[in-house]
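entry_1.txt, holding compact mmCIF, C-alpha atoms and all ligand atoms:
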```
# COMPACT_ATOMS: atom_id res chain seq x y z
CA MET A 61 75.51 35.83 -110.92
CA SER A 62 73.44 33.61 -108.70
CA LYS A 63 74.87 31.99 -105.57
CA ILE A 64 72.84 28.84 -105.27
CA LEU A 65 72.56 26.74 -102.15
CA LEU A 66 71.31 23.31 -103.25
CA ILE A 67 70.10 21.11 -100.42
CA THR A 68 69.13 17.58 -101.34
CA SER A 69 67.96 15.22 -98.64
CA SER A 70 67.01 11.93 -100.21
CA PRO A 71 69.31 9.02 -99.33
CA ARG A 72 68.26 7.33 -102.59
CA ALA A 73 71.09 8.91 -104.58
CA GLU A 74 70.47 8.61 -108.36
CA GLU A 75 67.11 6.89 -107.83
CA SER A 76 65.75 9.95 -106.07
CA LEU A 77 63.44 12.20 -108.03
CA SER A 78 63.70 15.14 -105.64
CA ASN A 79 67.51 14.96 -105.93
CA LYS A 80 67.23 14.87 -109.72
CA PHE A 81 64.81 17.75 -110.20
CA ALA A 82 66.40 19.94 -107.53
CA GLY A 83 69.80 19.30 -109.17
CA ASP A 84 68.42 20.01 -112.66
CA LEU A 85 66.94 23.32 -111.53
CA ALA A 86 70.19 24.33 -109.83
CA ALA A 87 72.22 23.47 -112.93
CA LYS A 88 69.93 25.48 -115.21
CA ILE A 89 69.91 28.57 -112.98
CA LYS A 90 73.66 28.30 -112.55
CA GLU A 91 74.22 28.12 -116.31
CA GLN A 92 72.04 31.05 -117.24
CA SER A 93 73.29 33.31 -114.44
CA ASN A 94 76.92 32.22 -114.67
CA GLY A 95 76.48 31.40 -111.01
CA SER A 96 77.83 28.92 -108.50
CA ILE A 97 76.38 26.00 -106.56
CA THR A 98 77.11 24.95 -103.01
CA HIS A 99 75.60 21.48 -102.68
CA LEU A 100 74.69 19.97 -99.34
CA ASP A 101 73.87 16.34 -100.07
CA LEU A 102 72.19 15.42 -96.81
CA GLY A 103 71.25 11.98 -98.10
CA GLN A 104 74.89 10.95 -98.50
CA ASN A 105 76.42 13.24 -95.85
CA PRO A 106 73.80 13.52 -93.13
CA ILE A 107 73.85 16.43 -90.74
CA PRO A 108 73.91 15.10 -87.19
CA HIS A 109 70.68 15.46 -85.27
CA LEU A 110 70.74 18.02 -82.50
CA ASP A 111 72.29 16.66 -79.34
CA GLN A 112 73.08 17.99 -75.90
CA VAL A 113 76.44 19.44 -76.97
CA THR A 114 75.05 21.41 -79.93
CA THR A 115 71.95 22.72 -78.15
CA SER A 116 74.11 23.90 -75.28
CA ALA A 117 76.88 25.31 -77.54
CA ILE A 118 74.62 27.53 -79.63
CA ARG A 119 73.20 29.16 -76.51
CA LYS A 120 76.56 30.10 -75.10
CA ALA A 121 78.89 32.98 -75.92
CA PRO A 122 81.95 31.71 -77.88
CA GLU A 123 84.31 32.27 -74.94
CA GLN A 124 82.17 30.07 -72.70
CA ARG A 125 82.28 27.00 -74.97
CA ASP A 126 84.54 24.03 -74.35
CA ALA A 127 86.36 22.41 -77.28
CA GLN A 128 83.52 20.04 -78.13
CA GLU A 129 80.96 22.82 -77.99
CA ALA A 130 83.17 25.11 -80.07
CA ALA A 131 83.34 22.45 -82.82
CA ALA A 132 79.57 21.93 -82.72
CA ALA A 133 78.88 25.67 -82.89
CA GLU A 134 81.39 26.08 -85.72
CA TYR A 135 79.60 23.36 -87.70
CA SER A 136 76.23 25.07 -87.22
CA ASP A 137 77.77 28.51 -87.98
CA LYS A 138 79.01 27.15 -91.32
CA ARG A 139 75.53 25.97 -92.28
CA VAL A 140 74.14 29.41 -91.35
CA ALA A 141 76.85 31.16 -93.41
CA GLU A 142 76.02 28.99 -96.45
CA LEU A 143 72.38 30.00 -96.14
CA MET A 144 73.04 33.71 -95.56
CA GLU A 145 75.49 33.93 -98.50
CA ALA A 146 73.07 32.33 -100.98
CA ASP A 147 70.66 34.31 -103.09
CA THR A 148 68.87 31.20 -104.35
CA VAL A 149 68.01 28.24 -102.14
CA ILE A 150 66.82 24.98 -103.71
CA ILE A 151 65.52 22.34 -101.32
CA GLY A 152 64.76 18.80 -102.47
CA THR A 153 62.86 16.27 -100.38
CA GLY A 154 60.56 13.30 -100.72
CA LEU A 155 57.32 13.24 -98.78
CA ILE A 156 58.23 10.89 -95.96
CA ASN A 157 55.40 9.79 -93.71
CA PHE A 158 53.61 13.01 -94.64
CA ALA A 159 56.58 15.21 -93.79
CA ILE A 160 60.20 15.76 -94.90
CA TYR A 161 63.31 13.57 -94.81
CA SER A 162 64.72 13.75 -91.28
CA GLY A 163 68.11 14.88 -92.60
CA LEU A 164 66.49 18.02 -93.96
CA LYS A 165 64.89 18.62 -90.56
CA SER A 166 68.39 18.45 -89.05
CA TRP A 167 69.60 21.10 -91.48
CA ILE A 168 66.71 23.35 -90.42
CA ASP A 169 67.53 22.73 -86.75
CA ASN A 170 71.10 23.83 -87.43
CA VAL A 171 70.27 27.01 -89.32
CA ALA A 172 67.35 28.32 -87.26
CA ARG A 173 69.54 30.32 -84.88
CA ALA A 174 68.37 33.26 -82.76
CA GLY A 175 70.51 36.30 -83.47
CA MET A 176 71.75 34.82 -86.76
CA THR A 177 68.82 33.84 -88.99
CA PHE A 178 66.05 35.36 -86.87
CA ARG A 179 65.81 37.62 -83.88
CA TYR A 180 63.25 38.38 -81.25
CA THR A 181 61.94 41.93 -81.02
CA GLU A 182 59.37 43.62 -78.81
CA SER A 183 56.82 43.09 -81.56
CA GLY A 184 57.71 39.43 -82.12
CA PRO A 185 60.26 37.39 -84.09
CA VAL A 186 61.83 38.81 -87.26
CA GLY A 187 63.49 36.71 -89.97
CA LEU A 188 66.98 37.76 -91.01
CA ALA A 189 67.55 35.51 -94.04
CA THR A 190 65.72 37.86 -96.38
CA GLY A 191 66.00 38.68 -100.09
CA LYS A 192 66.41 35.10 -101.31
CA LYS A 193 64.45 33.06 -103.79
CA VAL A 194 63.51 29.59 -102.59
CA TYR A 195 62.44 26.53 -104.54
CA ILE A 196 61.01 23.45 -102.82
CA VAL A 197 61.15 20.28 -104.91
CA LEU A 198 58.89 17.62 -103.41
CA SER A 199 58.36 14.11 -104.74
CA SER A 200 55.62 11.86 -103.44
CA ALA A 201 53.85 8.59 -104.14
CA GLY A 202 50.46 10.23 -103.67
CA VAL A 203 48.85 13.47 -104.87
CA TYR A 204 48.74 16.30 -102.35
CA SER A 205 48.50 19.48 -104.44
CA GLU A 206 44.71 19.02 -104.51
CA GLY A 207 42.04 16.52 -103.56
CA PRO A 208 41.39 14.49 -100.42
CA ALA A 209 45.04 14.04 -99.38
CA ALA A 210 45.93 17.77 -99.59
CA ALA A 211 45.52 18.23 -95.82
CA MET A 212 47.98 15.37 -95.20
CA ASP A 213 50.91 17.21 -96.79
CA HIS A 214 52.86 18.45 -93.80
CA ALA A 215 56.00 19.05 -95.85
CA VAL A 216 55.17 22.17 -97.86
CA PRO A 217 53.16 23.95 -95.11
CA TYR A 218 55.90 23.16 -92.59
CA LEU A 219 58.73 24.28 -94.87
CA LYS A 220 56.89 27.49 -95.77
CA THR A 221 56.29 28.19 -92.07
CA VAL A 222 59.84 27.66 -90.90
CA LEU A 223 61.42 29.32 -93.94
CA GLY A 224 59.06 32.28 -93.52
CA PHE A 225 60.07 32.50 -89.86
CA LEU A 226 63.66 32.90 -91.05
CA GLY A 227 62.67 35.57 -93.58
CA LEU A 228 62.53 33.34 -96.66
CA THR A 229 59.13 34.20 -98.03
CA ASP A 230 59.56 34.07 -101.82
CA VAL A 231 58.92 30.35 -102.31
CA GLU A 232 58.05 28.31 -105.41
CA VAL A 233 57.02 24.66 -105.16
CA ILE A 234 57.71 21.97 -107.73
CA ARG A 235 55.85 18.73 -107.13
CA ILE A 236 56.57 15.36 -108.65
CA GLU A 237 53.48 13.64 -107.36
CA GLY A 238 51.28 10.63 -107.94
CA LEU A 239 54.31 8.46 -108.61
CA ALA A 240 52.62 5.37 -107.16
CA PHE A 241 49.47 5.73 -109.23
CA GLY A 242 50.73 3.58 -112.10
CA PRO A 243 53.26 4.05 -114.90
CA GLU A 244 51.13 6.53 -116.83
CA ALA A 245 50.62 8.78 -113.80
CA ALA A 246 54.33 8.58 -112.97
CA GLU A 247 55.25 9.56 -116.52
CA LYS A 248 52.83 12.47 -116.38
CA ALA A 249 54.28 13.60 -113.03
CA ILE A 250 57.80 13.56 -114.42
CA ALA A 251 56.80 15.42 -117.60
CA SER A 252 54.97 18.05 -115.56
CA ALA A 253 57.94 18.54 -113.19
CA THR A 254 60.32 18.77 -116.16
CA ALA A 255 58.20 21.53 -117.71
CA LYS A 256 57.91 23.37 -114.38
CA VAL A 257 61.69 23.27 -113.83
CA GLU A 258 62.17 24.67 -117.33
CA GLU A 259 59.60 27.42 -116.74
CA LEU A 260 60.97 28.43 -113.33
CA ALA A 261 64.58 28.38 -114.51
CA LYS A 262 63.69 30.71 -117.39
CA ALA A 263 61.93 33.07 -115.00
CA ALA A 264 64.80 33.03 -112.47
C1 LIG A 301 59.88 5.71 -95.48
C2 LIG A 301 59.06 6.27 -96.58
C3 LIG A 301 57.89 6.96 -96.29
C4 LIG A 301 57.11 7.48 -97.30
N1 LIG A 301 55.99 8.19 -97.00
C5 LIG A 301 55.20 8.69 -97.97
C6 LIG A 301 54.03 9.42 -97.68
O1 LIG A 301 53.69 9.69 -96.54
N2 LIG A 301 53.29 9.88 -98.71
C7 LIG A 301 53.63 9.66 -100.01
O2 LIG A 301 52.91 10.09 -100.91
N3 LIG A 301 54.76 8.99 -100.34
C8 LIG A 301 55.55 8.50 -99.35
N4 LIG A 301 56.70 7.83 -99.67
C9 LIG A 301 57.11 7.74 -101.07
C10 LIG A 301 58.12 8.85 -101.40
O3 LIG A 301 57.60 10.14 -101.13
C11 LIG A 301 58.55 8.78 -102.85
O4 LIG A 301 59.17 7.53 -103.09
C12 LIG A 301 59.48 9.90 -103.21
O5 LIG A 301 59.81 9.80 -104.58
C13 LIG A 301 60.75 9.84 -102.35
O6 LIG A 301 61.59 10.92 -102.68
P1 LIG A 301 62.95 10.68 -103.45
O7 LIG A 301 62.59 10.00 -104.76
O8 LIG A 301 63.51 12.02 -103.66
O9 LIG A 301 63.77 9.80 -102.56
C14 LIG A 301 57.50 7.31 -98.65
C15 LIG A 301 58.68 6.62 -98.95
C16 LIG A 301 59.45 6.12 -97.94
C17 LIG A 301 60.73 5.39 -98.27
```

Could you render the structure as structure tokens?
Ligand SMILES: Cc1cc2nc3c(=O)[nH]c(=O)nc-3n(C[C@H](O)[C@H](O)[C@H](O)COP(=O)(O)O)c2cc1C
Amino acid sequence: MSKILLITSSPRAEESLSNKFAGDLAAKIKEQSNGSITHLDLGQNPIPHLDQVTTSAIRKAPEQRDAQEAAAAEYSDKRVAELMEADTVIIGTGLINFAIYSGLKSWIDNVARAGMTFRYTESGPVGLATGKKVYIVLSSAGVYSEGPAAAMDHAVPYLKTVLGFLGLTDVEVIRIEGLAFGPEAAEKAIASATAKVEELAKAA
């Protein structure tokens, strides 16, 4: 039984391709493993960006927090618990100005917590969110998997870096790319992503 954490970040609701393919993959893995899905829809329910209260709260011991800080820390703790409890994490995002939707960045800022999802040791930082399978579903107008624009994709390298820092190293990437290169290219991108979702779900 797979405990799936599905994180979608596009605000474009049903129009979003990353929402669609991330949701499709989650549904398929859920069905075949008789699992469950916790869905964080960051496009419709954005996670607040880090502010002074949260950054201060997460550095303090619980007994030192005031009421506002306690609420902020509790919110972040919940996001961490959702991540730590999952055995499958599916992250959907569009490529937005060569990076990720800002709501997804806020989720990362809430779950990257020293002592909870990583810790510092004498030999450097160690990720604590280990043993999970991760899928990144990325949609983009251009093509970044190969060719001249590959170096401009700061979404997948960034996500792999920060997820790896937290101990999430088993990562598969599904791209829906070239969507702006005409109707034929868009159709091809969708067909290719559909096949990849099918293939990865079967292998899950
Ligand atoms: C504000 C904005 C910035 C974008 N920046 C890029 C970009 O840098 N590169 C790219 O290929 N596509 C870019 N796009 C196109 C999106 O990646 C594409 O529409 C994608 O499907 C969005 O994901 P979604 O369908 O899940 O919302 C951008 C779209 C928006 C709205």

| message | Can you work out which residues are within 6 Å of ligand LIG 301 (chain A), considering all atoms listed in the file, and then hand them over as a list in words? | response | Ser70, Arg72, Ser76, Leu77, Ser78, Asn79, Thr153, Gly154, Leu155, Ile156, Asn157, Phe158, Ser199, Ser200, Ala201 and Gly202 of chain A

Could you take the residues named above and write them with C-alpha atoms, as an mmCIF file, keeping the file's coordinate frame?
```
data_model
loop_
_atom_site.group_PDB
_atom_site.id
_atom_site.type_symbol
_atom_site.label_atom_id
_atom_site.label_comp_id
_atom_site.auth_asym_id
_atom_site.auth_seq_id
_atom_site.Cartn_x
_atom_site.Cartn_y
_atom_site.Cartn_z
ATOM 1 C CA SER A 70 67.010 11.930 -100.210
ATOM 2 C CA ARG A 72 68.260 7.330 -102.590
ATOM 3 C CA SER A 76 65.750 9.950 -106.070
ATOM 4 C CA LEU A 77 63.440 12.200 -108.030
ATOM 5 C CA SER A 78 63.700 15.140 -105.640
ATOM 6 C CA ASN A 79 67.510 14.960 -105.930
ATOM 7 C CA THR A 153 62.860 16.270 -100.380
ATOM 8 C CA GLY A 154 60.560 13.300 -100.720
ATOM 9 C CA LEU A 155 57.320 13.240 -98.780
ATOM 10 C CA ILE A 156 58.230 10.890 -95.960
ATOM 11 C CA ASN A 157 55.400 9.790 -93.710
ATOM 12 C CA PHE A 158 53.610 13.010 -94.640
ATOM 13 C CA SER A 199 58.360 14.110 -104.740
ATOM 14 C CA SER A 200 55.620 11.860 -103.440
ATOM 15 C CA ALA A 201 53.850 8.590 -104.140
ATOM 16 C CA GLY A 202 50.460 10.230 -103.670
#
```

| task | Show which residues sit within 10 Å of stretch 166-178 of chain A, as a ChimeraX atom specification. Count only C-alpha atoms, and ignore same-chain residues fewer than 5 positions away. | result | /A:67,69,100,102,106-110,114-115,118-119,132-133,135-144,161,185-190,219,222-223,225-228

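Straight-line separation from atom CA of A:Ile160 to atom CA of A:Glu74: 18.4 Å.
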
Using only C-alpha atoms, the shortest atom-to-atom distance to A:Leu198 among A:Ala130, A:Leu164, A:Ala261, A:Ile234 belongs to A:Ile234

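Minimum distance to A:Asn94 across A:Thr221, A:Pro243, A:Ile236, A:Lys63 (counting only C-alpha atoms) occurs at A:Lys63.
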
Excluding A:Thr148 and its own-chain neighbours fewer than 3 positions away, which residues fall within 6 Å of it when counting all atoms listed in the file? Please give them as a VMD selection string.
chain A and resid 64 192 to 194

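The gap separating atom CA of A:Ile196 from atom CA of A:Ala87 is 15.1 Å, in Å to one decimal.
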
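In this structure, atom CA of A:Ser205 sits 23.8 Å away from atom CA of A:Pro71.
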
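With distances taken over only C-alpha atoms, A:Thr68 is the one residue among A:Thr229, A:Thr68, A:Ser162, A:Thr181 lying closest to A:Asp84.
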
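Around the point (72.3, 20.3, -110.3), within 10 Å and counting only C-alpha atoms, we find these residues: A:Ile64, A:Leu66, A:Thr68, A:Asn79, A:Lys80, A:Phe81, A:Ala82, A:Gly83, A:Asp84, A:Leu85, A:Ala86, A:Ala87, A:Lys88, A:Ile89, A:Lys90, A:Ile97, A:Thr98, A:His99, A:Ile150.
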
Restricting to only C-alpha atoms, whichever of A:Val113, A:Ala209, A:Glu75, A:Ala146 is closest to A:Gly191 is A:Ala146

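Compared by their closest atoms to A:Pro217, and using all atoms listed in the file, the residues A:Ala117, A:Ala251, A:Ala127, A:Ala159 rank with A:Ala159 nearest.
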
Taking N, CA and C atoms as the atom set, what does stretch 164-190 of chain A look like once completed, written as a PDB file, in the coordinates of the input?
```
ATOM      1  N   LEU A 164      66.817  16.625 -93.642  1.00  0.00           N
ATOM      2  CA  LEU A 164      66.490  18.020 -93.960  1.00  0.00           C
ATOM      3  C   LEU A 164      66.030  18.736 -92.684  1.00  0.00           C
ATOM      4  N   LYS A 165      65.304  18.033 -91.836  1.00  0.00           N
ATOM      5  CA  LYS A 165      64.890  18.620 -90.560  1.00  0.00           C
ATOM      6  C   LYS A 165      66.130  18.991 -89.739  1.00  0.00           C
ATOM      7  N   SER A 166      67.152  18.152 -89.796  1.00  0.00           N
ATOM      8  CA  SER A 166      68.390  18.450 -89.050  1.00  0.00           C
ATOM      9  C   SER A 166      69.068  19.705 -89.582  1.00  0.00           C
ATOM     10  N   TRP A 167      69.029  19.870 -90.908  1.00  0.00           N
ATOM     11  CA  TRP A 167      69.600  21.100 -91.480  1.00  0.00           C
ATOM     12  C   TRP A 167      68.848  22.320 -90.930  1.00  0.00           C
ATOM     13  N   ILE A 168      67.515  22.230 -90.935  1.00  0.00           N
ATOM     14  CA  ILE A 168      66.710  23.350 -90.420  1.00  0.00           C
ATOM     15  C   ILE A 168      67.072  23.615 -88.958  1.00  0.00           C
ATOM     16  N   ASP A 169      67.217  22.557 -88.184  1.00  0.00           N
ATOM     17  CA  ASP A 169      67.530  22.730 -86.750  1.00  0.00           C
ATOM     18  C   ASP A 169      68.902  23.382 -86.551  1.00  0.00           C
ATOM     19  N   ASN A 170      69.780  23.202 -87.530  1.00  0.00           N
ATOM     20  CA  ASN A 170      71.100  23.830 -87.430  1.00  0.00           C
ATOM     21  C   ASN A 170      71.126  25.273 -87.899  1.00  0.00           C
ATOM     22  N   VAL A 171      70.216  25.641 -88.793  1.00  0.00           N
ATOM     23  CA  VAL A 171      70.270  27.010 -89.320  1.00  0.00           C
ATOM     24  C   VAL A 171      69.281  27.967 -88.656  1.00  0.00           C
ATOM     25  N   ALA A 172      68.297  27.435 -87.953  1.00  0.00           N
ATOM     26  CA  ALA A 172      67.350  28.320 -87.260  1.00  0.00           C
ATOM     27  C   ALA A 172      68.007  28.769 -85.952  1.00  0.00           C
ATOM     28  N   ARG A 173      68.735  29.874 -86.024  1.00  0.00           N
ATOM     29  CA  ARG A 173      69.540  30.320 -84.880  1.00  0.00           C
ATOM     30  C   ARG A 173      69.156  31.760 -84.499  1.00  0.00           C
ATOM     31  N   ALA A 174      68.719  31.911 -83.257  1.00  0.00           N
ATOM     32  CA  ALA A 174      68.370  33.260 -82.760  1.00  0.00           C
ATOM     33  C   ALA A 174      69.602  34.147 -82.849  1.00  0.00           C
ATOM     34  N   GLY A 175      69.402  35.343 -83.350  1.00  0.00           N
ATOM     35  CA  GLY A 175      70.510  36.300 -83.470  1.00  0.00           C
ATOM     36  C   GLY A 175      71.279  36.127 -84.781  1.00  0.00           C
ATOM     37  N   MET A 176      71.038  35.048 -85.499  1.00  0.00           N
ATOM     38  CA  MET A 176      71.750  34.820 -86.760  1.00  0.00           C
ATOM     39  C   MET A 176      70.786  34.772 -87.957  1.00  0.00           C
ATOM     40  N   THR A 177      69.774  33.922 -87.881  1.00  0.00           N
ATOM     41  CA  THR A 177      68.820  33.840 -88.990  1.00  0.00           C
ATOM     42  C   THR A 177      67.437  34.394 -88.605  1.00  0.00           C
ATOM     43  N   PHE A 178      67.247  34.625 -87.326  1.00  0.00           N
ATOM     44  CA  PHE A 178      66.050  35.360 -86.870  1.00  0.00           C
ATOM     45  C   PHE A 178      66.395  36.032 -85.559  1.00  0.00           C
ATOM     46  N   ARG A 179      65.591  37.023 -85.199  1.00  0.00           N
ATOM     47  CA  ARG A 179      65.810  37.620 -83.880  1.00  0.00           C
ATOM     48  C   ARG A 179      64.458  37.959 -83.263  1.00  0.00           C
ATOM     49  N   TYR A 180      64.460  38.013 -81.967  1.00  0.00           N
ATOM     50  CA  TYR A 180      63.250  38.380 -81.250  1.00  0.00           C
ATOM     51  C   TYR A 180      63.234  39.886 -81.044  1.00  0.00           C
ATOM     52  N   THR A 181      62.093  40.499 -81.279  1.00  0.00           N
ATOM     53  CA  THR A 181      61.940  41.930 -81.020  1.00  0.00           C
ATOM     54  C   THR A 181      60.738  42.116 -80.096  1.00  0.00           C
ATOM     55  N   GLU A 182      60.506  43.355 -79.694  1.00  0.00           N
ATOM     56  CA  GLU A 182      59.370  43.620 -78.810  1.00  0.00           C
ATOM     57  C   GLU A 182      58.044  43.291 -79.495  1.00  0.00           C
ATOM     58  N   SER A 183      58.061  43.395 -80.838  1.00  0.00           N
ATOM     59  CA  SER A 183      56.820  43.090 -81.560  1.00  0.00           C
ATOM     60  C   SER A 183      56.813  41.671 -82.147  1.00  0.00           C
ATOM     61  N   GLY A 184      57.710  40.821 -81.662  1.00  0.00           N
ATOM     62  CA  GLY A 184      57.710  39.430 -82.120  1.00  0.00           C
ATOM     63  C   GLY A 184      58.969  39.074 -82.896  1.00  0.00           C
ATOM     64  N   PRO A 185      59.063  37.822 -83.381  1.00  0.00           N
ATOM     65  CA  PRO A 185      60.260  37.390 -84.090  1.00  0.00           C
ATOM     66  C   PRO A 185      60.359  37.999 -85.490  1.00  0.00           C
ATOM     67  N   VAL A 186      61.589  38.248 -85.924  1.00  0.00           N
ATOM     68  CA  VAL A 186      61.830  38.810 -87.260  1.00  0.00           C
ATOM     69  C   VAL A 186      62.866  37.930 -87.963  1.00  0.00           C
ATOM     70  N   GLY A 187      62.544  37.517 -89.194  1.00  0.00           N
ATOM     71  CA  GLY A 187      63.490  36.710 -89.970  1.00  0.00           C
ATOM     72  C   GLY A 187      64.605  37.567 -90.519  1.00  0.00           C
ATOM     73  N   LEU A 188      65.807  37.013 -90.540  1.00  0.00           N
ATOM     74  CA  LEU A 188      66.980  37.760 -91.010  1.00  0.00           C
ATOM     75  C   LEU A 188      67.528  37.240 -92.341  1.00  0.00           C
ATOM     76  N   ALA A 189      67.031  36.095 -92.793  1.00  0.00           N
ATOM     77  CA  ALA A 189      67.550  35.510 -94.040  1.00  0.00           C
ATOM     78  C   ALA A 189      66.678  35.981 -95.218  1.00  0.00           C
ATOM     79  N   THR A 190      66.656  37.283 -95.413  1.00  0.00           N
ATOM     80  CA  THR A 190      65.720  37.860 -96.380  1.00  0.00           C
ATOM     81  C   THR A 190      66.365  38.020 -97.769  1.00  0.00           C
TER      82      THR A 190
END
```
